[in-house]
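J.: File model.cif below, mmCIF, C-alpha atoms:
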```cif
data_run
#
loop_
_atom_site.label_atom_id
_atom_site.label_comp_id
_atom_site.auth_asym_id
_atom_site.auth_seq_id
_atom_site.Cartn_x
_atom_site.Cartn_y
_atom_site.Cartn_z
CA MET K 10 9.88 15.85 -60.99
CA LYS K 11 7.96 17.71 -58.31
CA ILE K 12 9.07 16.93 -54.74
CA THR K 13 6.88 17.65 -51.73
CA THR K 14 7.68 17.06 -48.06
CA ILE K 15 5.10 15.71 -45.63
CA THR K 16 5.76 16.54 -41.99
CA SER K 17 2.53 15.46 -40.29
CA SER K 18 1.59 11.81 -39.70
CA SER K 19 -2.06 12.89 -39.92
CA ASN K 20 -1.61 14.04 -43.53
CA ALA K 21 -4.54 12.97 -45.73
CA LEU K 22 -2.30 11.06 -48.17
CA LEU K 23 -0.69 9.05 -45.37
CA LYS K 24 -4.13 8.29 -43.91
CA LYS K 25 -5.20 7.03 -47.31
CA ILE K 26 -2.20 4.72 -47.59
CA ARG K 27 -2.92 3.27 -44.15
CA GLY K 28 -6.52 2.71 -45.18
CA LEU K 29 -5.43 0.86 -48.31
CA GLN K 30 -3.70 -1.73 -46.14
CA GLU K 31 -7.22 -3.06 -45.47
CA ARG K 32 -9.50 -4.65 -48.03
CA ALA K 33 -12.38 -2.36 -47.12
CA GLY K 34 -10.26 0.63 -48.05
CA ARG K 35 -9.27 -0.93 -51.37
CA ASP K 36 -12.85 -1.88 -52.23
CA LYS K 37 -14.08 1.62 -51.39
CA THR K 38 -11.49 3.51 -53.41
CA GLY K 39 -10.69 1.05 -56.21
CA GLN K 40 -7.01 1.51 -55.43
CA PHE K 41 -4.19 -0.49 -53.83
CA VAL K 42 -0.63 0.01 -52.64
CA LEU K 43 2.66 -1.14 -54.11
CA GLU K 44 5.42 -1.61 -51.56
CA GLY K 45 9.03 -1.57 -52.69
CA LEU K 46 11.00 -0.64 -55.76
CA ARG K 47 10.40 -3.75 -57.86
CA PRO K 48 6.57 -3.61 -57.82
CA VAL K 49 6.70 0.11 -58.57
CA GLU K 50 9.13 -0.47 -61.45
CA GLU K 51 6.93 -3.26 -62.82
CA ALA K 52 3.86 -1.02 -62.64
CA VAL K 53 5.61 1.87 -64.39
CA ALA K 54 6.90 -0.45 -67.13
CA ARG K 55 3.35 -1.65 -67.78
CA HIS K 56 1.89 1.84 -67.74
CA LEU K 57 -0.26 1.14 -64.71
CA VAL K 58 -1.84 4.33 -63.44
CA LEU K 59 -0.01 5.53 -60.31
CA ASP K 60 -1.88 8.07 -58.23
CA ARG K 61 0.78 9.08 -55.69
CA VAL K 62 4.28 7.92 -54.70
CA VAL K 63 5.76 8.28 -51.21
CA VAL K 64 9.38 7.62 -50.23
CA SER K 65 11.20 7.65 -46.91
CA GLU K 66 13.69 10.42 -46.27
CA SER K 67 16.65 8.05 -46.12
CA TYR K 68 15.60 6.31 -49.35
CA PHE K 69 15.26 9.66 -51.08
CA GLN K 70 18.77 10.64 -49.99
CA THR K 71 20.43 7.39 -51.10
CA SER K 72 18.40 6.44 -54.19
CA THR K 73 18.00 9.66 -56.16
CA ASP K 74 19.20 8.09 -59.40
CA VAL K 75 16.84 5.13 -59.05
CA ILE K 76 13.88 7.40 -58.34
CA SER K 77 14.65 9.66 -61.29
CA GLN K 78 14.66 6.69 -63.65
CA LEU K 79 11.02 6.03 -62.82
CA ASN K 80 10.07 9.26 -64.63
CA LEU K 81 7.46 10.16 -62.05
CA TYR K 82 5.63 13.47 -62.11
CA GLU K 83 5.65 13.92 -58.33
CA ILE K 84 6.86 12.20 -55.16
CA SER K 85 6.24 12.93 -51.49
CA VAL K 86 8.99 12.51 -48.89
CA VAL K 87 8.31 11.59 -45.24
CA ASP K 88 10.61 10.95 -42.31
CA ASP K 89 11.70 7.35 -41.74
CA ARG K 90 9.70 6.85 -38.55
CA THR K 91 6.44 7.89 -40.17
CA PHE K 92 7.18 5.84 -43.27
CA LYS K 93 7.48 2.64 -41.20
CA GLU K 94 3.83 3.08 -40.21
CA LEU K 95 2.72 2.92 -43.83
CA HIS K 96 3.76 -0.56 -44.90
CA GLY K 97 3.36 -4.14 -43.77
CA THR K 98 6.93 -5.38 -44.09
CA SER K 99 9.33 -5.73 -41.16
CA THR K 100 12.09 -3.89 -43.01
CA SER K 101 11.61 -0.58 -44.76
CA CYS K 102 10.74 -0.89 -48.42
CA GLY K 103 11.71 2.73 -49.02
CA ILE K 104 9.02 3.51 -51.59
CA ILE K 105 5.24 3.10 -51.73
CA ALA K 106 2.87 3.92 -54.58
CA ILE K 107 -0.90 4.10 -54.87
CA ALA K 108 -2.23 2.44 -58.02
CA THR K 109 -5.65 1.94 -59.59
CA ILE K 110 -7.03 -1.61 -59.50
CA PRO K 111 -7.39 -2.88 -63.09
CA GLN K 112 -10.89 -3.88 -64.17
CA PHE K 113 -11.45 -6.85 -66.46
CA GLU K 114 -14.45 -8.41 -68.20
CA PRO K 115 -14.96 -12.13 -68.96
CA ASP K 116 -14.11 -11.57 -72.63
CA ASP K 117 -10.67 -10.33 -71.59
CA ILE K 118 -10.04 -13.90 -70.44
CA PHE K 119 -12.13 -16.09 -72.68
CA ASP K 120 -11.27 -14.45 -76.00
CA LYS K 121 -7.72 -15.80 -75.75
CA SER K 122 -7.07 -19.05 -77.58
CA PRO K 123 -6.79 -21.56 -76.15
CA ALA K 124 -8.83 -20.43 -73.15
CA ILE K 125 -6.92 -21.95 -70.24
CA VAL K 126 -8.60 -20.51 -67.15
CA VAL K 127 -7.55 -20.85 -63.53
CA ILE K 128 -10.29 -20.70 -60.90
CA CYS K 129 -9.19 -20.08 -57.32
CA ASP K 130 -11.91 -21.44 -55.08
CA GLU K 131 -11.78 -19.57 -51.75
CA ILE K 132 -8.00 -19.73 -51.48
CA GLN K 133 -7.28 -17.71 -48.38
CA ASP K 134 -3.52 -17.68 -47.88
CA PRO K 135 -1.96 -14.65 -49.61
CA GLY K 136 1.25 -16.56 -50.31
CA ASN K 137 -0.62 -19.38 -52.01
CA LEU K 138 -2.68 -16.99 -54.10
CA GLY K 139 0.40 -15.04 -55.12
CA THR K 140 2.17 -18.24 -56.12
CA ILE K 141 -0.77 -19.34 -58.25
CA VAL K 142 -0.88 -15.97 -60.03
CA ARG K 143 2.85 -16.26 -60.79
CA SER K 144 2.45 -19.84 -62.04
CA ALA K 145 -0.55 -18.87 -64.17
CA TYR K 146 1.38 -16.08 -65.86
CA ALA K 147 4.47 -18.25 -66.36
CA SER K 148 2.29 -20.97 -67.90
CA ASP K 149 0.61 -18.50 -70.28
CA VAL K 150 -2.95 -19.07 -69.09
CA ALA K 151 -5.71 -16.81 -70.36
CA GLY K 152 -6.65 -15.46 -66.94
CA LEU K 153 -7.84 -16.14 -63.42
CA ILE K 154 -11.25 -16.09 -61.74
CA LEU K 155 -11.40 -15.78 -57.96
CA THR K 156 -14.49 -16.83 -56.06
CA ARG K 157 -15.83 -14.96 -53.08
CA GLY K 158 -13.86 -15.85 -49.98
CA CYS K 159 -10.47 -15.69 -51.72
CA ALA K 160 -7.70 -13.53 -50.35
CA ASP K 161 -7.67 -10.12 -51.98
CA PRO K 162 -5.26 -10.27 -54.94
CA TYR K 163 -4.50 -6.59 -54.42
CA GLY K 164 -3.56 -6.95 -50.77
CA PRO K 165 0.10 -6.08 -50.09
CA LYS K 166 1.16 -9.66 -49.30
CA VAL K 167 -0.33 -11.05 -52.50
CA VAL K 168 1.08 -8.21 -54.60
CA ARG K 169 4.57 -8.93 -53.26
CA ALA K 170 4.19 -12.68 -53.83
CA THR K 171 3.20 -12.25 -57.48
CA ALA K 172 6.50 -10.47 -58.26
CA GLY K 173 4.90 -8.25 -60.89
CA SER K 174 2.97 -10.96 -62.78
CA LEU K 175 -0.28 -9.60 -61.31
CA PHE K 176 0.02 -6.70 -63.75
CA ASP K 177 0.30 -8.98 -66.79
CA ILE K 178 -2.70 -11.29 -66.57
CA PRO K 179 -6.47 -10.65 -66.59
CA LEU K 180 -8.11 -11.38 -63.25
CA ILE K 181 -11.75 -11.28 -62.17
CA ARG K 182 -12.47 -11.45 -58.44
CA ASP K 183 -15.38 -11.83 -56.06
CA THR K 184 -17.44 -14.12 -58.31
CA THR K 185 -19.99 -16.65 -57.07
CA HIS K 186 -19.70 -20.32 -57.95
CA GLY K 187 -22.86 -19.96 -60.03
CA GLN K 188 -21.40 -17.08 -62.01
CA CYS K 189 -18.26 -19.11 -62.73
CA LEU K 190 -20.27 -22.06 -63.97
CA GLU K 191 -22.45 -19.84 -66.13
CA MET K 192 -19.44 -18.21 -67.79
CA LEU K 193 -18.02 -21.63 -68.61
CA ALA K 194 -21.32 -23.09 -69.80
CA GLN K 195 -21.94 -20.16 -72.18
CA ARG K 196 -18.63 -20.93 -73.86
CA ASN K 197 -18.71 -24.74 -73.64
CA ILE K 198 -15.54 -24.82 -71.56
CA PRO K 199 -15.13 -27.97 -69.42
CA LEU K 200 -14.31 -27.66 -65.74
CA TRP K 201 -11.57 -29.82 -64.24
CA ILE K 202 -10.82 -30.04 -60.55
CA CYS K 203 -7.59 -30.94 -58.82
CA ASP K 204 -8.14 -33.53 -56.11
CA ALA K 205 -5.66 -35.82 -54.34
CA SER K 206 -8.19 -38.69 -54.47
CA ALA K 207 -8.72 -38.47 -58.25
CA SER K 208 -7.90 -41.43 -60.48
CA ILE K 209 -6.60 -39.48 -63.50
CA LEU K 210 -2.93 -38.52 -63.32
CA TYR K 211 -2.48 -34.90 -64.36
CA PHE K 212 0.10 -35.71 -67.07
CA GLU K 213 -2.26 -38.28 -68.67
CA ALA K 214 -5.00 -35.71 -69.25
CA ASP K 215 -5.26 -33.41 -72.26
CA LEU K 216 -4.58 -29.98 -70.75
CA ARG K 217 -4.10 -28.05 -73.97
CA GLY K 218 -7.50 -26.40 -73.61
CA PRO K 219 -9.90 -24.84 -73.74
CA LEU K 220 -10.58 -25.78 -70.13
CA ALA K 221 -10.86 -24.37 -66.62
CA LEU K 222 -8.76 -25.73 -63.76
CA VAL K 223 -10.04 -25.30 -60.21
CA PHE K 224 -7.75 -25.15 -57.18
CA GLY K 225 -9.52 -25.30 -53.84
CA ASN K 226 -9.46 -23.90 -50.34
CA GLU K 227 -6.52 -24.94 -48.16
CA THR K 228 -8.76 -26.58 -45.55
CA ARG K 229 -12.09 -27.46 -47.16
CA GLY K 230 -10.89 -28.23 -50.65
CA ILE K 231 -13.15 -27.63 -53.64
CA SER K 232 -16.76 -26.51 -53.21
CA ASP K 233 -19.69 -28.84 -53.85
CA GLU K 234 -20.92 -26.67 -56.74
CA PHE K 235 -17.73 -27.30 -58.67
CA LEU K 236 -17.53 -30.97 -57.65
CA GLN K 237 -21.02 -31.57 -59.01
CA ASN K 238 -20.38 -29.84 -62.33
CA CYS K 239 -16.86 -30.91 -63.27
CA ALA K 240 -15.87 -32.85 -66.36
CA GLY K 241 -13.24 -34.77 -64.42
CA SER K 242 -10.64 -34.61 -61.69
CA LEU K 243 -6.86 -34.76 -61.71
CA CYS K 244 -4.31 -35.83 -59.15
CA ILE K 245 -0.55 -35.56 -58.68
CA PRO K 246 1.08 -38.91 -57.87
CA MET K 247 3.01 -39.04 -54.60
CA ARG K 248 4.78 -41.68 -52.58
CA GLN K 249 2.64 -43.51 -50.05
CA GLY K 250 2.39 -41.84 -46.67
CA SER K 251 3.44 -38.37 -47.84
CA GLU K 252 1.49 -35.27 -46.90
CA SER K 253 -0.66 -33.55 -49.51
CA LEU K 254 1.04 -30.77 -51.45
CA ASN K 255 0.49 -27.10 -50.80
CA VAL K 256 -2.17 -25.74 -53.20
CA GLY K 257 0.31 -23.24 -54.63
CA VAL K 258 2.79 -26.02 -55.39
CA SER K 259 0.07 -28.25 -56.86
CA ALA K 260 -1.11 -25.46 -59.14
CA GLY K 261 2.42 -24.81 -60.34
CA ILE K 262 2.94 -28.48 -61.26
CA ILE K 263 -0.32 -28.86 -63.17
CA LEU K 264 -0.14 -25.51 -64.94
CA SER K 265 3.42 -26.23 -66.01
CA GLU K 266 2.25 -29.51 -67.55
CA SER K 267 -0.50 -27.68 -69.42
CA PHE K 268 2.08 -25.28 -70.83
CA ARG K 269 4.40 -28.16 -71.76
CA GLN K 270 1.63 -29.87 -73.69
CA ARG K 271 0.84 -26.72 -75.62
CA LEU K 272 4.52 -26.19 -76.47
CA THR K 273 4.83 -29.79 -77.64
CA ALA K 274 1.71 -29.50 -79.81
CA HIS K 275 2.97 -26.26 -81.34
CA PRO K 276 6.77 -26.28 -81.11
CA ARG K 277 8.59 -23.03 -81.61
CA GLY K 278 10.81 -22.42 -84.55
#
```
If you convert what's in this file into structure tokens, what do you get?

T.:
Amino acid sequence: MKITTITSSSNALLKKIRGLQERAGRDKTGQFVLEGLRPVEEAVARHLVLDRVVVSESYFQTSTDVISQLNLYEISVVDDRTFKELHGTSTSCGIIAIATIPQFEPDDIFDKSPAIVVICDEIQDPGNLGTIVRSAYASDVAGLILTRGCADPYGPKVVRATAGSLFDIPLIRDTTHGQCLEMLAQRNIPLWICDASASILYFEADLRGPLALVFGNETRGISDEFLQNCAGSLCIPMRQGSESLNVGVSAGIILSESFRQRLTAHPRG
């Protein structure tokens, strides 16, 4: 493993990492950052292309064995003070990598059977989006489609929240509502929305697929385009007077039910 030392905070690599903290930088380069050992380990295990890896001086001194197990070609070491300027967490994550954003096509999602698709409609909170990605992967959905206005799935906060599942599931971002509807119509896949005012309880619906499930914006809910073109709407029953559930929690409940139904229809063993 080649080891280089960076002594200047104005180094081009460090400038690039700072730029990748912003969506504009990620969109321009087609790359994103992984902060911390676990995301880097997950990326290496899945053969994700890593461009560069930077570690803090103290992490390098105390975690040599861990770093060597990653089988990296090269790492760059910077002093602790400079390293703190590179990441968005309050405590030092020790290691940062630059990775290439995966590119997916609709067939990467819709060719899976059954095609259970999650559509995130302008979900803006990174924690919510990360939770939905994790739930989608855990529930074995075919993939996710993110409309314009969603948080960037490759932003550091979302990447951390997905706990590695982002690398295991096809995801298409920055689509218009019209493009979503066209993709579904071409494949005769019904669109279901999740709405607290719906009359159909989520566990009474057939969620084995193929189908698309839409989860809406935290404030505005689901867009009119999807409301006007849905096959039906689902709700989660709650006691009277309780507040509506967080969209990440709601998605987890409904996607888990979809997975349960598919397991019951095709039991293992």

J.: Let me know the residues the PyMOL selection byres ((chain K and resi 49-51) around 10) catches in the file above, as a JSON list (two decimals) with C-alpha atoms, keeping the file's coordinate frame.

T.:
```
[["chain", "number", "residue", "atom", "x", "y", "z"],
["K", 42, "VAL", "CA", -0.63, 0.01, -52.64],
["K", 43, "LEU", "CA", 2.66, -1.14, -54.11],
["K", 44, "GLU", "CA", 5.42, -1.61, -51.56],
["K", 45, "GLY", "CA", 9.03, -1.57, -52.69],
["K", 46, "LEU", "CA", 11.00, -0.64, -55.76],
["K", 47, "ARG", "CA", 10.40, -3.75, -57.86],
["K", 48, "PRO", "CA", 6.57, -3.61, -57.82],
["K", 52, "ALA", "CA", 3.86, -1.02, -62.64],
["K", 53, "VAL", "CA", 5.61, 1.87, -64.39],
["K", 54, "ALA", "CA", 6.90, -0.45, -67.13],
["K", 55, "ARG", "CA", 3.35, -1.65, -67.78],
["K", 56, "HIS", "CA", 1.89, 1.84, -67.74],
["K", 57, "LEU", "CA", -0.26, 1.14, -64.71],
["K", 59, "LEU", "CA", -0.01, 5.53, -60.31],
["K", 62, "VAL", "CA", 4.28, 7.92, -54.70],
["K", 75, "VAL", "CA", 16.84, 5.13, -59.05],
["K", 76, "ILE", "CA", 13.88, 7.40, -58.34],
["K", 78, "GLN", "CA", 14.66, 6.69, -63.65],
["K", 79, "LEU", "CA", 11.02, 6.03, -62.82],
["K", 104, "ILE", "CA", 9.02, 3.51, -51.59],
["K", 105, "ILE", "CA", 5.24, 3.10, -51.73],
["K", 106, "ALA", "CA", 2.87, 3.92, -54.58],
["K", 107, "ILE", "CA", -0.90, 4.10, -54.87],
["K", 108, "ALA", "CA", -2.23, 2.44, -58.02],
["K", 172, "ALA", "CA", 6.50, -10.47, -58.26],
["K", 173, "GLY", "CA", 4.90, -8.25, -60.89],
["K", 174, "SER", "CA", 2.97, -10.96, -62.78],
["K", 175, "LEU", "CA", -0.28, -9.60, -61.31],
["K", 176, "PHE", "CA", 0.02, -6.70, -63.75],
["K", 177, "ASP", "CA", 0.30, -8.98, -66.79]]
```

J.: Within 12 Å of (8.6, 7.2, -51.6), in the coordinates the file gives, what residues turn up when you count all atoms listed in the file, written out as a PyMOL selection string?

T.: chain K and resi 12-15+23+26+42-46+49+61-73+75-77+79+81+83-89+91-93+95-96+101-107

J.: Tell me which of K:Met192, K:Ala260, K:Leu236, K:Leu210 sits closest to Ile132 (chain K), counting only C-alpha atoms.

T.: K:Ala260

J.: Would you list the residues near (-9.4, -32.3, -70.5), meaning any protein, DNA or RNA residue with an atom at most 10 Å from that point in file coordinates, counting all atoms listed in the file, as a compact mmCIF listing (two decimals) with C-alpha atoms, in the coordinates of the input?

T.:
```
# COMPACT_ATOMS: atom_id res chain seq x y z
CA ILE K 198 -15.54 -24.82 -71.56
CA PRO K 199 -15.13 -27.97 -69.42
CA LEU K 200 -14.31 -27.66 -65.74
CA TRP K 201 -11.57 -29.82 -64.24
CA TYR K 211 -2.48 -34.90 -64.36
CA GLU K 213 -2.26 -38.28 -68.67
CA ALA K 214 -5.00 -35.71 -69.25
CA ASP K 215 -5.26 -33.41 -72.26
CA LEU K 216 -4.58 -29.98 -70.75
CA ARG K 217 -4.10 -28.05 -73.97
CA GLY K 218 -7.50 -26.40 -73.61
CA PRO K 219 -9.90 -24.84 -73.74
CA LEU K 220 -10.58 -25.78 -70.13
CA ALA K 221 -10.86 -24.37 -66.62
CA LEU K 222 -8.76 -25.73 -63.76
CA ALA K 240 -15.87 -32.85 -66.36
CA GLY K 241 -13.24 -34.77 -64.42
CA SER K 242 -10.64 -34.61 -61.69
CA LEU K 243 -6.86 -34.76 -61.71
```

J.: So the first atom is CA of Gly152 (chain K) and the second is CA of Ala274 (chain K); what is the distance between them in Å, to one decimal place?

T.: 20.8 Å

J.: Have a look at CA of Ser144 (chain K) and CA of Val223 (chain K) and let me know their distance in Å, one decimal.

T.: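 These atoms are spaced 13.8 Å apart.
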
J.: Would you mind listing what lies within 9 Å of Glu227 (chain K) as a PyMOL selection string, with only C-alpha atoms counted and same-chain residues fewer than 6 positions away left out?

T.: chain K and resi 131-134+137+255-256

J.: Expanded to explicit residues, what is the PyMOL selection byres ((chain K and resi 207) around 6) for this file, as a list in words?

T.: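 On the file shown, the PyMOL selection byres ((chain K and resi 207) around 6) covers Asp204, Ala205, Ser206, Ser208, Ile209, Ser242, Leu243 and Cys244 of chain K.
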
J.: For the residues selected in the previous step, produce a file with C-alpha atoms as an mmCIF file, keeping the file's coordinate frame.

T.:
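Writing done, so here's again.cif:
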```cif
data_model
loop_
_atom_site.group_PDB
_atom_site.id
_atom_site.type_symbol
_atom_site.label_atom_id
_atom_site.label_comp_id
_atom_site.auth_asym_id
_atom_site.auth_seq_id
_atom_site.Cartn_x
_atom_site.Cartn_y
_atom_site.Cartn_z
ATOM 1 C CA ASP K 204 -8.140 -33.530 -56.110
ATOM 2 C CA ALA K 205 -5.660 -35.820 -54.340
ATOM 3 C CA SER K 206 -8.190 -38.690 -54.470
ATOM 4 C CA SER K 208 -7.900 -41.430 -60.480
ATOM 5 C CA ILE K 209 -6.600 -39.480 -63.500
ATOM 6 C CA SER K 242 -10.640 -34.610 -61.690
ATOM 7 C CA LEU K 243 -6.860 -34.760 -61.710
ATOM 8 C CA CYS K 244 -4.310 -35.830 -59.150
#
```

J.: Measure the distance from CA of Phe224 (chain K) to CA of Cys203 (chain K) in Å and round it to one decimal.

T.: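 Atom-to-atom, CA of Phe224 (chain K) to CA of Cys203 (chain K), that is 6.0 Å.
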
J.: Pick the closest to Ala33 (chain K) from K:Ile262, K:Asp161, K:Ala124, K:Ile181: which is it, counting all atoms listed in the file?

T.: K:Asp161

J.: Once the PyMOL selection byres ((chain K and resi 41) around 9) has been applied to the shown file, what residues remain in the selection, as an MDAnalysis selection string?

T.: chainID K and resid 26 29:30 32 34:36 38:40 42:43 106:110 163:165
